[in-house]
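Colleague: Let me begin by handing over the structure; questions about it come next.
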Amino acid sequence: MCAAEWNERSVAHMLRRVGFGATPEEIKFYLDMGQARAIDYILNYESIDDSEVDRQIAAANLDLTKTSDLILWWVLRMIFTKRPLQEKMVFFWHDHFATAIFKVKEQELMLQQNQLFRKFALGNFQDFLLAVSQDPAMIIWLDNFTNKKGQPNENYARELNELFSMGVGNYTEMDVKEAARAFTGWSINRRTKEFQFETNQHDFGTKTFLGETGPFNGDDIVRIISGKPATAQFISKKLFEFFAFQNPKQSTIDNLANIYLTSRFSIKAVMQAILTSDEFFSEKAFNSIVKSPTEYVVGTLKMLKATIDTRGKAGDILNSLSIQGQTLFNPPSVSGWDGGIEWINTSTLLNRFNFANTLSSNRMTRGATIDPKALLANSKATKSKDVVDFFLKQLGLFDVDVLSNKTLKKYLDQNDDGSKGKFTLTDANIDKKVRGLIHLIITLPDYQLN
Amino acid sequence: MAHSRRDFLKGTIGLLSLSIASPELCFQSSSNVFAAPNPSGKVLVVVQLDGGNDGLNTVIPYTDKAYYDARPMLAIAESSVLKASDNLGFHPVMSKFKSLFDQKRIAVIQNTGYPNPNLSHFQSRAIYHRADPTTREEVFQLGWLGKYGDVKLSDTGNPLSVINLGDGRGSAALPKSLVAEKLIPASINSFPLYQFQTDAKYPADRNNQINTLAKSNAIKSDDFNFLYVEQTALDALDSSQSLQAGITKYTPTIKYPENSLGVQLQMAAQVIAGDLGAQVIHVTLGGFDTHSGQKSDHEELLTAISESFDAFYQDLVRLGKADSVLVMAFSEFGRRVRENGSAGTDHGTSGPMFVMGNAVKGGFYSNSPNLTNLDNTGNTIFDIDFRSVYSTILSDWLLTDPQPILGGKFENVGFINK
């Protein structure tokens with residue numbers, strides 16, 4: 001499979017995947033670095049100064065005991081981070097270990113889990129699974145605090161096998177029952193809300209799990225699962241499909257699974273292999289994934305350099321994310337969001353379009369606002385064709401069909417009655433037609449894809 | 001003005017490549033998408049009880065000692081069961097449901113399931129949605145109602161012929177049962193939000209915006225996702241315009257309960273009253289995954305079912321539509337016979353399905369589960385395949401040959417008056 005050239009288009013693709021889109025300035029920053037250094041920079045993000053995020057969050061004066069502020073906290077991180085892959089991995093793990101506040105009910109524990117995802121974003125998968133198994137939000141979410149000797153609750157054990165590691169078909173119902181016994185007594189302290197192993201609730205008896213027998217505890221189950229080829233396959237495929245494209249060749253997944261096993265379960269090693277592969281930069285990968293609502297909203301705000309009114313707590317943004325189908329910290333179930341083409345239905349698509357209209361037509365100080373005139377100040381564009389090209393590029397679109405391009409140009413030139421006029425770059429036209437153009441670009445089918 | 005250009009997809013068939021199992025889109029061309037008549041005049045409302053409804057505490061085998069032995073905390077005492085036969089009765093909060101049952105408006109099909117039951121929500125849900133016990137959840141495939149739509153409704157060109165409703169909270173994710181290859185179902189989460197907005201400051205520019213949107217969503221492509229997005233955008237424009245025009249015919253007078261199911265069933269009544277050509281309407285009530293502290297949660301859910309079904313039925317009678325609507329409720333599985341240590345129940349297998357309407361022959365169908373003969377997970381062994389219920393509805397209500405849709409022949413359960 002051939003990789004595309006290293007240019008603006010491929011860098012924009014890369015930054016949509018490893019992050020939430022990028023401004024033309026950011027694209028230039030990575031482009032100038034060269035491909036190998038840029039990928040190295042993206043993967044080894046710990047040394048990148050990310051204090052801008054902290055400044056933005058401090059300025060927002062958030063109350064993290066409120067769910068809406070917690071979501072905004074994360075959205076601000078996604079927009080302002082200089083470590084795109086870190087937030088993208090957290091976003092990936094939030095869907096993978098999908099836990100929802102509608103049941104956990106404690107914002108503090110959801111925040112703690114989100115920080116755990118950040119800590120282990122590219123970490124060791126075995127350590128990560130163990131930490132997740134002891135994560136208080138997870139213990140509440142999948143009822144493990146009620147999983148007791150003689151009265152096992154299978155909820156966590158089942159999803160650990162089915163959704164978090166190996167996938168269906170790689171274990172039996174008996175394995176689920178035995179794993180549940182091993183996790184008995186893995187609970188939380190009612191007062192401190194911290195993980196607590198309750199010795200008297202734990203079943204110390206012998207268990208047989210995936211063919212191994214012993215007086216297993218939860219960490220034994222995690223150890224056995226982490227080393228299984230099924231886990232290597234499952235995690236590798238899920239990462240590849242999230243970052244590159246759907247339905248890769250089996251040999252691609254075998255290669256990644258092998259890296260997972262030989263690196264002793266390093267997520268970073270698998271990610272490095274994905275990002276340095278020709279497949280990641282192939283035409284097959286470009287625009288092949290449907291944007292999630294979060295990618296759609298965060299990317300738009302970022303690329304249009306929107307001002308986010310945090311005094312108003314950005315209720316418009318948070319509500320729109322929710323009606324587009326993705327309330328962060330509140331996935332519909334433990335399997336996360338179905339995603340892919342299932343993000344798209346007539347209702348969610350209208351809600352995307354209406355988010356675009358709310359943003360592009362907002363001339364108040366409340367809510368998210370954009371300044372089309374300021375954006376255009378960086379450009380020499382004055383003619384309708386050039387203005388269209390400028391904003392397509394601003395929004396990271398390099399592949400728009402020539403017919404769409406002409407349709408957008410026609411819109412700029414059009415009089416109210418639909419007849420042909422001539423666009424001139426006046427303040428009045430910026431307020432009317434350029435705002436309208438931005439709305440229409442964000443509604444393009446091309447823009448729904450990553 | 002209609003914007004759907006289903007014919008523009010012609011010539012791309014076979015090039016689509018989401019996955020090997022992807023449906024190939026081949027939309028029909030249409031000259032007029034507005035409110036095409038519902039060909040049979042009949043409506044099927046499907047209610048998904050999401051999470052796995054505890055059938056044993058919904059339809060209670062109140063004479064079965066094994067039931068009481070297995071559920072020391074959760075069993076419903078015989079004295080409070082709403083008795084509906086010599087050995088079965090409803091949960092005490094379901095008095096309105098019981099009253100509809102007594103009027104022969106509800107059929108209960110006991111112990112429905114399928115071979116080799118899957119205890120995963122996601123797999124089992126996909127199995128029910130696609131009427132295919134061998135399906136894999138993660139593959140994008142046609143649903144059983146989508147297949148019905150392809151056969152019977154796609155020719156109408158009406159973007160409201162198949163509708164998924166939501167309750168206004170969250171979003172209305174499309175259930176896998178509605179995935180079709182010749183039509184895109186309308187998914188409607190809130191009536192007021194279901195319209196394409198443009199800059200309120202320049203209303204005279206609105207038509208230009210709408211026309212630009214329609215044109216830029218009519219670009220040829222060989223990419224499945226791209227085409228799917230385009231067709232959805234065009235259908236969203238058209239269906240929102242006809243919906244907004246049609247729903248004004250409804251005046252609410254019946255009081256619906258203020259829960260998710262009540263909201264959705266009232267929306268369904270409003271769509272039906274508008275004569276918008278809807279023939280399949282899907283609604284969802286979530287929360288049935290009662291692993292712990294089941295008693296109060298399940299009571300609330302059963303109350304929602306009982307009161308919402310009653311309000312919906314009364315509303316249909318008022319609207320003169322009671323003869324033309326059939327309601328079917330299903331859940332992806334029942335729950336474990338023996339309660340767990342958390343005053344809840346774990347994932348189970350077979351469970352009851354419910355069908356409501358004037359066309360229904362009321363009563364209980366098929367045998368209740370044998371609670372002393374369980375499978376190796378401690379779950380009930382099904383008596384009748386859920387696809388028999390689908391088959392009965394397809395043949396006797398929607399007047400369609402069930403075999404191509406279900407991929408096999410299933411017995412007619414006989415709960416519909418022909």
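Here, A, B, ... name the chains of the structure tokens in the order displayed, residue numbers run from 1 inside each chain, and ligands are numbered from 1 in the same displayed order.
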With a distance threshold of 8 Å and counting only C-alpha atoms, extract the residues of chain A near chain B and express them as a PDB file with N, CA and C atoms, in the first residue's frame.

Modeller:
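Saved as iface-v8.pdb:
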```
ATOM      1  N   ASP A 143     -20.857  -2.765  38.957  1.00  0.00           N
ATOM      2  CA  ASP A 143     -21.398  -3.440  40.146  1.00  0.00           C
ATOM      3  C   ASP A 143     -20.394  -4.307  40.896  1.00  0.00           C
ATOM      4  N   THR A 146     -20.595  -5.127  44.589  1.00  0.00           N
ATOM      5  CA  THR A 146     -21.565  -6.104  45.104  1.00  0.00           C
ATOM      6  C   THR A 146     -21.115  -7.537  44.820  1.00  0.00           C
ATOM      7  N   ASN A 147     -19.931  -7.693  44.254  1.00  0.00           N
ATOM      8  CA  ASN A 147     -19.446  -9.021  43.863  1.00  0.00           C
ATOM      9  C   ASN A 147     -18.760  -9.676  45.062  1.00  0.00           C
ATOM     10  N   LYS A 148     -19.451 -10.606  45.673  1.00  0.00           N
ATOM     11  CA  LYS A 148     -18.975 -11.152  46.939  1.00  0.00           C
ATOM     12  C   LYS A 148     -18.889 -12.661  46.917  1.00  0.00           C
ATOM     13  N   GLN A 151     -21.739 -15.101  46.391  1.00  0.00           N
ATOM     14  CA  GLN A 151     -22.800 -14.365  45.701  1.00  0.00           C
ATOM     15  C   GLN A 151     -22.177 -13.528  44.582  1.00  0.00           C
ATOM     16  N   PRO A 152     -21.543 -14.196  43.638  1.00  0.00           N
ATOM     17  CA  PRO A 152     -20.821 -13.426  42.620  1.00  0.00           C
ATOM     18  C   PRO A 152     -21.750 -12.585  41.754  1.00  0.00           C
ATOM     19  N   ASN A 153     -21.271 -11.422  41.343  1.00  0.00           N
ATOM     20  CA  ASN A 153     -21.946 -10.599  40.340  1.00  0.00           C
ATOM     21  C   ASN A 153     -21.025 -10.576  39.131  1.00  0.00           C
ATOM     22  N   GLU A 154     -21.536 -11.051  37.998  1.00  0.00           N
ATOM     23  CA  GLU A 154     -20.679 -11.287  36.833  1.00  0.00           C
ATOM     24  C   GLU A 154     -20.425 -10.064  35.971  1.00  0.00           C
ATOM     25  N   ASN A 155     -21.027  -8.964  36.322  1.00  0.00           N
ATOM     26  CA  ASN A 155     -21.052  -7.842  35.374  1.00  0.00           C
ATOM     27  C   ASN A 155     -19.645  -7.408  34.934  1.00  0.00           C
ATOM     28  N   GLU A 173     -18.781 -19.195  29.037  1.00  0.00           N
ATOM     29  CA  GLU A 173     -19.593 -18.698  30.154  1.00  0.00           C
ATOM     30  C   GLU A 173     -18.975 -19.127  31.491  1.00  0.00           C
ATOM     31  N   GLN A 246     -11.095   0.979   8.478  1.00  0.00           N
ATOM     32  CA  GLN A 246     -11.840  -0.227   8.825  1.00  0.00           C
ATOM     33  C   GLN A 246     -11.356  -1.425   8.013  1.00  0.00           C
ATOM     34  N   ASN A 247     -11.562  -2.594   8.575  1.00  0.00           N
ATOM     35  CA  ASN A 247     -11.313  -3.861   7.876  1.00  0.00           C
ATOM     36  C   ASN A 247      -9.920  -3.975   7.259  1.00  0.00           C
ATOM     37  N   SER A 288     -11.750   8.255   5.466  1.00  0.00           N
ATOM     38  CA  SER A 288     -12.489   6.985   5.488  1.00  0.00           C
ATOM     39  C   SER A 288     -13.298   6.788   6.768  1.00  0.00           C
ATOM     40  N   ILE A 289     -13.173   7.712   7.711  1.00  0.00           N
ATOM     41  CA  ILE A 289     -13.850   7.520   8.996  1.00  0.00           C
ATOM     42  C   ILE A 289     -14.877   8.641   9.184  1.00  0.00           C
ATOM     43  N   VAL A 290     -16.042   8.282   9.721  1.00  0.00           N
ATOM     44  CA  VAL A 290     -17.060   9.298  10.000  1.00  0.00           C
ATOM     45  C   VAL A 290     -16.656  10.034  11.276  1.00  0.00           C
ATOM     46  N   SER A 322     -24.474  16.676  22.809  1.00  0.00           N
ATOM     47  CA  SER A 322     -25.382  15.661  23.305  1.00  0.00           C
ATOM     48  C   SER A 322     -26.431  15.286  22.253  1.00  0.00           C
ATOM     49  N   ILE A 323     -27.022  16.279  21.599  1.00  0.00           N
ATOM     50  CA  ILE A 323     -28.063  15.928  20.621  1.00  0.00           C
ATOM     51  C   ILE A 323     -27.469  15.441  19.298  1.00  0.00           C
ATOM     52  N   GLN A 324     -26.176  15.647  19.115  1.00  0.00           N
ATOM     53  CA  GLN A 324     -25.514  15.006  17.970  1.00  0.00           C
ATOM     54  C   GLN A 324     -25.191  13.548  18.280  1.00  0.00           C
ATOM     55  N   GLY A 325     -25.363  13.151  19.545  1.00  0.00           N
ATOM     56  CA  GLY A 325     -25.214  11.731  19.873  1.00  0.00           C
ATOM     57  C   GLY A 325     -24.043  11.389  20.770  1.00  0.00           C
ATOM     58  N   GLN A 326     -23.368  12.393  21.332  1.00  0.00           N
ATOM     59  CA  GLN A 326     -22.221  12.051  22.158  1.00  0.00           C
ATOM     60  C   GLN A 326     -22.116  12.985  23.357  1.00  0.00           C
ATOM     61  N   THR A 327     -22.582  12.514  24.497  1.00  0.00           N
ATOM     62  CA  THR A 327     -22.385  13.252  25.737  1.00  0.00           C
ATOM     63  C   THR A 327     -21.166  12.654  26.423  1.00  0.00           C
ATOM     64  N   SER A 335     -20.577  -0.707  26.146  1.00  0.00           N
ATOM     65  CA  SER A 335     -19.904  -0.932  24.867  1.00  0.00           C
ATOM     66  C   SER A 335     -19.568   0.391  24.183  1.00  0.00           C
ATOM     67  N   ILE A 341     -20.575   4.821  10.763  1.00  0.00           N
ATOM     68  CA  ILE A 341     -21.696   5.360   9.993  1.00  0.00           C
ATOM     69  C   ILE A 341     -22.925   5.522  10.897  1.00  0.00           C
ATOM     70  N   GLU A 342     -22.917   4.822  12.047  1.00  0.00           N
ATOM     71  CA  GLU A 342     -24.066   4.938  12.952  1.00  0.00           C
ATOM     72  C   GLU A 342     -24.101   6.285  13.692  1.00  0.00           C
ATOM     73  N   TRP A 343     -23.065   7.104  13.530  1.00  0.00           N
ATOM     74  CA  TRP A 343     -23.177   8.484  14.029  1.00  0.00           C
ATOM     75  C   TRP A 343     -24.202   9.260  13.212  1.00  0.00           C
ATOM     76  N   ILE A 344     -24.429   8.777  11.986  1.00  0.00           N
ATOM     77  CA  ILE A 344     -25.200   9.583  11.036  1.00  0.00           C
ATOM     78  C   ILE A 344     -26.636   9.085  10.947  1.00  0.00           C
ATOM     79  N   ASN A 345     -27.559   9.928  11.338  1.00  0.00           N
ATOM     80  CA  ASN A 345     -28.954   9.710  10.980  1.00  0.00           C
ATOM     81  C   ASN A 345     -29.573  11.082  10.734  1.00  0.00           C
ATOM     82  N   THR A 346     -30.824  11.111  10.309  1.00  0.00           N
ATOM     83  CA  THR A 346     -31.368  12.409   9.893  1.00  0.00           C
ATOM     84  C   THR A 346     -31.361  13.417  11.045  1.00  0.00           C
ATOM     85  N   SER A 347     -31.564  12.908  12.259  1.00  0.00           N
ATOM     86  CA  SER A 347     -31.627  13.811  13.403  1.00  0.00           C
ATOM     87  C   SER A 347     -30.237  14.309  13.810  1.00  0.00           C
ATOM     88  N   THR A 348     -29.289  13.392  13.931  1.00  0.00           N
ATOM     89  CA  THR A 348     -27.945  13.822  14.346  1.00  0.00           C
ATOM     90  C   THR A 348     -27.316  14.722  13.281  1.00  0.00           C
ATOM     91  N   LEU A 349     -27.623  14.464  12.020  1.00  0.00           N
ATOM     92  CA  LEU A 349     -27.048  15.288  10.957  1.00  0.00           C
ATOM     93  C   LEU A 349     -27.649  16.703  10.988  1.00  0.00           C
ATOM     94  N   LEU A 350     -28.964  16.788  11.177  1.00  0.00           N
ATOM     95  CA  LEU A 350     -29.575  18.120  11.316  1.00  0.00           C
ATOM     96  C   LEU A 350     -28.989  18.851  12.519  1.00  0.00           C
ATOM     97  N   ASN A 351     -28.733  18.104  13.588  1.00  0.00           N
ATOM     98  CA  ASN A 351     -28.162  18.746  14.772  1.00  0.00           C
ATOM     99  C   ASN A 351     -26.735  19.224  14.516  1.00  0.00           C
ATOM    100  N   PHE A 353     -25.732  20.266  11.506  1.00  0.00           N
ATOM    101  CA  PHE A 353     -25.917  21.456  10.666  1.00  0.00           C
ATOM    102  C   PHE A 353     -26.341  22.663  11.509  1.00  0.00           C
ATOM    103  N   ASN A 354     -27.180  22.374  12.500  1.00  0.00           N
ATOM    104  CA  ASN A 354     -27.686  23.480  13.310  1.00  0.00           C
ATOM    105  C   ASN A 354     -26.643  23.977  14.309  1.00  0.00           C
ATOM    106  N   ASN A 357     -24.787  26.356  12.157  1.00  0.00           N
ATOM    107  CA  ASN A 357     -25.496  27.623  11.981  1.00  0.00           C
ATOM    108  C   ASN A 357     -25.441  28.484  13.238  1.00  0.00           C
ATOM    109  N   THR A 358     -25.604  27.843  14.390  1.00  0.00           N
ATOM    110  CA  THR A 358     -25.549  28.596  15.643  1.00  0.00           C
ATOM    111  C   THR A 358     -24.181  29.268  15.784  1.00  0.00           C
ATOM    112  N   SER A 361     -23.599  32.047  12.906  1.00  0.00           N
ATOM    113  CA  SER A 361     -24.474  33.227  12.928  1.00  0.00           C
ATOM    114  C   SER A 361     -24.518  33.912  14.292  1.00  0.00           C
ATOM    115  N   ASP A 401     -14.898  18.070  -3.939  1.00  0.00           N
ATOM    116  CA  ASP A 401     -15.211  17.913  -5.357  1.00  0.00           C
ATOM    117  C   ASP A 401     -15.327  19.290  -6.026  1.00  0.00           C
ATOM    118  N   LEU A 403     -17.291  20.294  -8.200  1.00  0.00           N
ATOM    119  CA  LEU A 403     -18.684  20.758  -8.298  1.00  0.00           C
ATOM    120  C   LEU A 403     -19.148  21.432  -7.004  1.00  0.00           C
ATOM    121  N   SER A 404     -18.754  20.864  -5.879  1.00  0.00           N
ATOM    122  CA  SER A 404     -19.100  21.479  -4.592  1.00  0.00           C
ATOM    123  C   SER A 404     -18.439  22.837  -4.479  1.00  0.00           C
ATOM    124  N   THR A 407     -20.359  25.205  -6.474  1.00  0.00           N
ATOM    125  CA  THR A 407     -21.648  25.504  -5.840  1.00  0.00           C
ATOM    126  C   THR A 407     -21.468  26.538  -4.726  1.00  0.00           C
ATOM    127  N   LEU A 408     -20.392  26.389  -3.957  1.00  0.00           N
ATOM    128  CA  LEU A 408     -20.129  27.326  -2.861  1.00  0.00           C
ATOM    129  C   LEU A 408     -19.788  28.713  -3.410  1.00  0.00           C
ATOM    130  N   TYR A 411     -22.876  30.346  -4.464  1.00  0.00           N
ATOM    131  CA  TYR A 411     -23.617  30.864  -3.307  1.00  0.00           C
ATOM    132  C   TYR A 411     -23.108  32.251  -2.919  1.00  0.00           C
ATOM    133  N   GLN A 414     -24.326  34.863  -5.249  1.00  0.00           N
ATOM    134  CA  GLN A 414     -25.775  34.890  -5.489  1.00  0.00           C
ATOM    135  C   GLN A 414     -26.492  36.070  -4.807  1.00  0.00           C
ATOM    136  N   ASN A 415     -27.457  36.646  -5.515  1.00  0.00           N
ATOM    137  CA  ASN A 415     -28.368  37.606  -4.870  1.00  0.00           C
ATOM    138  C   ASN A 415     -29.439  36.848  -4.084  1.00  0.00           C
ATOM    139  N   ASP A 416     -30.187  37.579  -3.259  1.00  0.00           N
ATOM    140  CA  ASP A 416     -31.222  36.936  -2.443  1.00  0.00           C
ATOM    141  C   ASP A 416     -32.214  36.126  -3.276  1.00  0.00           C
ATOM    142  N   ASP A 417     -32.554  36.635  -4.453  1.00  0.00           N
ATOM    143  CA  ASP A 417     -33.551  35.920  -5.261  1.00  0.00           C
ATOM    144  C   ASP A 417     -32.942  34.747  -6.025  1.00  0.00           C
ATOM    145  N   GLY A 418     -31.662  34.485  -5.796  1.00  0.00           N
ATOM    146  CA  GLY A 418     -31.032  33.339  -6.436  1.00  0.00           C
ATOM    147  C   GLY A 418     -30.331  33.696  -7.739  1.00  0.00           C
ATOM    148  N   LYS A 432     -22.810  38.631   6.170  1.00  0.00           N
ATOM    149  CA  LYS A 432     -23.903  37.844   5.621  1.00  0.00           C
ATOM    150  C   LYS A 432     -23.378  36.605   4.883  1.00  0.00           C
ATOM    151  N   GLY A 436     -22.471  32.744   6.081  1.00  0.00           N
ATOM    152  CA  GLY A 436     -23.283  31.709   5.422  1.00  0.00           C
ATOM    153  C   GLY A 436     -22.409  30.643   4.787  1.00  0.00           C
ATOM    154  N   LEU A 440     -22.190  26.589   5.439  1.00  0.00           N
ATOM    155  CA  LEU A 440     -22.364  25.591   4.381  1.00  0.00           C
ATOM    156  C   LEU A 440     -21.166  24.650   4.260  1.00  0.00           C
ATOM    157  N   THR A 443     -21.441  21.959   6.654  1.00  0.00           N
ATOM    158  CA  THR A 443     -22.491  20.979   6.340  1.00  0.00           C
ATOM    159  C   THR A 443     -22.128  20.086   5.144  1.00  0.00           C
ATOM    160  N   LEU A 444     -20.965  20.301   4.549  1.00  0.00           N
ATOM    161  CA  LEU A 444     -20.591  19.453   3.404  1.00  0.00           C
ATOM    162  C   LEU A 444     -20.455  17.995   3.834  1.00  0.00           C
ATOM    163  N   PRO A 445     -20.813  17.065   2.942  1.00  0.00           N
ATOM    164  CA  PRO A 445     -20.596  15.656   3.291  1.00  0.00           C
ATOM    165  C   PRO A 445     -19.113  15.383   3.579  1.00  0.00           C
ATOM    166  N   ASP A 446     -18.242  16.058   2.823  1.00  0.00           N
ATOM    167  CA  ASP A 446     -16.795  15.887   3.037  1.00  0.00           C
ATOM    168  C   ASP A 446     -16.407  16.192   4.486  1.00  0.00           C
ATOM    169  N   GLN A 448     -18.096  15.810   7.141  1.00  0.00           N
ATOM    170  CA  GLN A 448     -18.576  14.840   8.146  1.00  0.00           C
ATOM    171  C   GLN A 448     -17.581  13.691   8.308  1.00  0.00           C
ATOM    172  N   LEU A 449     -16.599  13.667   7.409  1.00  0.00           N
ATOM    173  CA  LEU A 449     -15.637  12.552   7.423  1.00  0.00           C
ATOM    174  C   LEU A 449     -14.285  13.022   7.927  1.00  0.00           C
TER     175      LEU A 449
END
```

Colleague: Excluding Asp427 in chain A and any residue of its chain fewer than 6 positions from it, enumerate the residues within 12 Å of it, using only C-alpha atoms, and give them as number ranges by chain.

Modeller: A: 371-374, 376, 382, 433-435

Colleague: Write the selection just made, keeping N, CA and C atoms, as a JSON list (two decimals), in the first residue's frame?

Modeller:
```
[["chain", "number", "residue", "atom", "x", "y", "z"],
["A", 371, "ASP", "N", -14.86, 34.99, 14.33],
["A", 371, "ASP", "CA", -14.62, 36.30, 13.74],
["A", 371, "ASP", "C", -14.09, 36.09, 12.31],
["A", 372, "PRO", "N", -15.01, 35.99, 11.34],
["A", 372, "PRO", "CA", -14.58, 35.69, 9.97],
["A", 372, "PRO", "C", -13.64, 36.76, 9.41],
["A", 373, "LYS", "N", -13.84, 38.00, 9.82],
["A", 373, "LYS", "CA", -13.01, 39.09, 9.30],
["A", 373, "LYS", "C", -11.56, 38.91, 9.78],
["A", 374, "ALA", "N", -11.41, 38.57, 11.04],
["A", 374, "ALA", "CA", -10.07, 38.36, 11.58],
["A", 374, "ALA", "C", -9.39, 37.19, 10.89],
["A", 376, "LEU", "N", -9.91, 36.19, 7.84],
["A", 376, "LEU", "CA", -9.57, 36.61, 6.48],
["A", 376, "LEU", "C", -8.41, 37.60, 6.45],
["A", 382, "THR", "N", -9.96, 38.01, -1.97],
["A", 382, "THR", "CA", -11.06, 38.98, -2.07],
["A", 382, "THR", "C", -12.16, 38.46, -2.99],
["A", 433, "LYS", "N", -22.68, 36.83, 3.79],
["A", 433, "LYS", "CA", -22.33, 35.70, 2.91],
["A", 433, "LYS", "C", -21.17, 34.86, 3.44],
["A", 434, "VAL", "N", -20.18, 35.50, 4.03],
["A", 434, "VAL", "CA", -19.05, 34.69, 4.50],
["A", 434, "VAL", "C", -19.48, 33.83, 5.70],
["A", 435, "ARG", "N", -20.28, 34.40, 6.57],
["A", 435, "ARG", "CA", -20.83, 33.57, 7.65],
["A", 435, "ARG", "C", -21.67, 32.42, 7.08]]
```

Colleague: Could you name the residues that touch Phe117 in chain A at 9 Å or less, counting only C-alpha atoms, but leaving out those on the same chain fewer than 4 positions away, as a compact mmCIF listing (two decimals) with N, CA and C atoms, in the first residue's frame?

Modeller:
```
# COMPACT_ATOMS: atom_id res chain seq x y z
N MET A 89 -6.00 9.74 22.75
CA MET A 89 -5.97 8.43 23.41
C MET A 89 -6.97 8.38 24.55
N VAL A 90 -7.05 9.45 25.32
CA VAL A 90 -8.03 9.48 26.42
C VAL A 90 -9.44 9.31 25.85
N PHE A 91 -9.68 9.97 24.73
CA PHE A 91 -10.97 9.86 24.04
C PHE A 91 -11.22 8.42 23.59
N TRP A 93 -9.85 5.68 24.96
CA TRP A 93 -10.05 4.81 26.13
C TRP A 93 -11.40 5.05 26.80
N HIS A 94 -11.88 6.27 26.72
CA HIS A 94 -13.20 6.57 27.30
C HIS A 94 -14.29 5.77 26.59
N GLN A 112 -11.46 11.39 38.06
CA GLN A 112 -10.34 10.52 38.45
C GLN A 112 -10.09 9.45 37.38
N GLN A 113 -11.17 8.88 36.86
CA GLN A 113 -11.01 7.87 35.81
C GLN A 113 -10.43 8.48 34.54
N ALA A 121 -2.41 6.51 28.90
CA ALA A 121 -2.82 6.69 27.50
C ALA A 121 -2.02 5.83 26.53
N PHE A 128 -2.51 -1.13 32.92
CA PHE A 128 -3.71 -0.32 32.67
C PHE A 128 -4.97 -1.10 33.07
N VAL A 132 -7.66 -0.16 35.87
CA VAL A 132 -9.09 0.00 35.54
C VAL A 132 -9.93 -0.91 36.43
```

Colleague: Applying 7 Å and only C-alpha atoms, which residues near range 184-193 of chain A remain after dropping the ones on its own chain fewer than 4 positions away? List them as a PyMOL selection string.

Modeller: chain A and resi 136+139+144-145+147-149+152+180+197-199+201-203

Colleague: If you run DSSP on this backbone, which residues of range 138-286 of chain B come out as strand (DSSP E), and could you give them as a list in words?

Modeller: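 Those in range 138-286 of chain B that DSSP calls strand (DSSP E) are Val162, Ile163, Asn164, Leu165, Ala186, Ser187, Ile188, Val280, Ile281, His282, Val283, Thr284 and Leu285 of chain B.
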
Colleague: Could you turn the residues from that selection into a file that holds C-alpha atoms, as an mmCIF file, in the first residue's frame?

Modeller:
```cif
data_model
loop_
_atom_site.group_PDB
_atom_site.id
_atom_site.type_symbol
_atom_site.label_atom_id
_atom_site.label_comp_id
_atom_site.auth_asym_id
_atom_site.auth_seq_id
_atom_site.Cartn_x
_atom_site.Cartn_y
_atom_site.Cartn_z
ATOM 1 C CA VAL B 162 -39.833 4.298 8.641
ATOM 2 C CA ILE B 163 -39.282 6.393 11.753
ATOM 3 C CA ASN B 164 -37.140 6.014 14.821
ATOM 4 C CA LEU B 165 -38.150 8.192 17.758
ATOM 5 C CA ALA B 186 -36.032 9.196 9.704
ATOM 6 C CA SER B 187 -34.622 9.458 13.191
ATOM 7 C CA ILE B 188 -36.430 12.071 15.217
ATOM 8 C CA VAL B 280 -42.901 1.442 10.975
ATOM 9 C CA ILE B 281 -42.199 3.420 14.139
ATOM 10 C CA HIS B 282 -39.522 2.375 16.616
ATOM 11 C CA VAL B 283 -39.284 3.578 20.218
ATOM 12 C CA THR B 284 -36.927 2.549 23.014
ATOM 13 C CA LEU B 285 -37.181 2.388 26.774
#
```

Colleague: Quick check for you: according to DSSP on this backbone, which residues of range 114-286 of chain A are classed as alpha helix (DSSP H)? Reply as an NGL selection string.

Modeller: :A and (114-119 or 125-133 or 136-141 or 155-162 or 173-182 or 218-226 or 229-243 or 250-262 or 267-275)

Colleague: Report the distance between CA of Leu399 in chain B and CA of Ala269 in chain B in Å, rounded to one decimal place.

Modeller: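 Going from CA of Leu399 in chain B over to CA of Ala269 in chain B, I get 22.4 Å.
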
Colleague: Mind giving me the straight-line distance from CA of Trp6 in chain A to CA of Leu31 in chain A in Å, one decimal?

Modeller: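 So the two atoms, CA of Trp6 in chain A and CA of Leu31 in chain A, lie 7.3 Å apart.
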
Colleague: Using only C-alpha atoms, determine which residues lie at most 6 Å from Ile109 in chain B, disregarding the query and same-chain residues fewer than 4 positions distant; provide the list as a count of residues only.

Modeller: 4

Colleague: Pick the closest to Ala126 in chain B from B:Ser331, B:Ser324, B:Thr63, B:Ser296: which is it, counting only C-alpha atoms?

Modeller: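 Nearest to Ala126 in chain B: B:Ser331.
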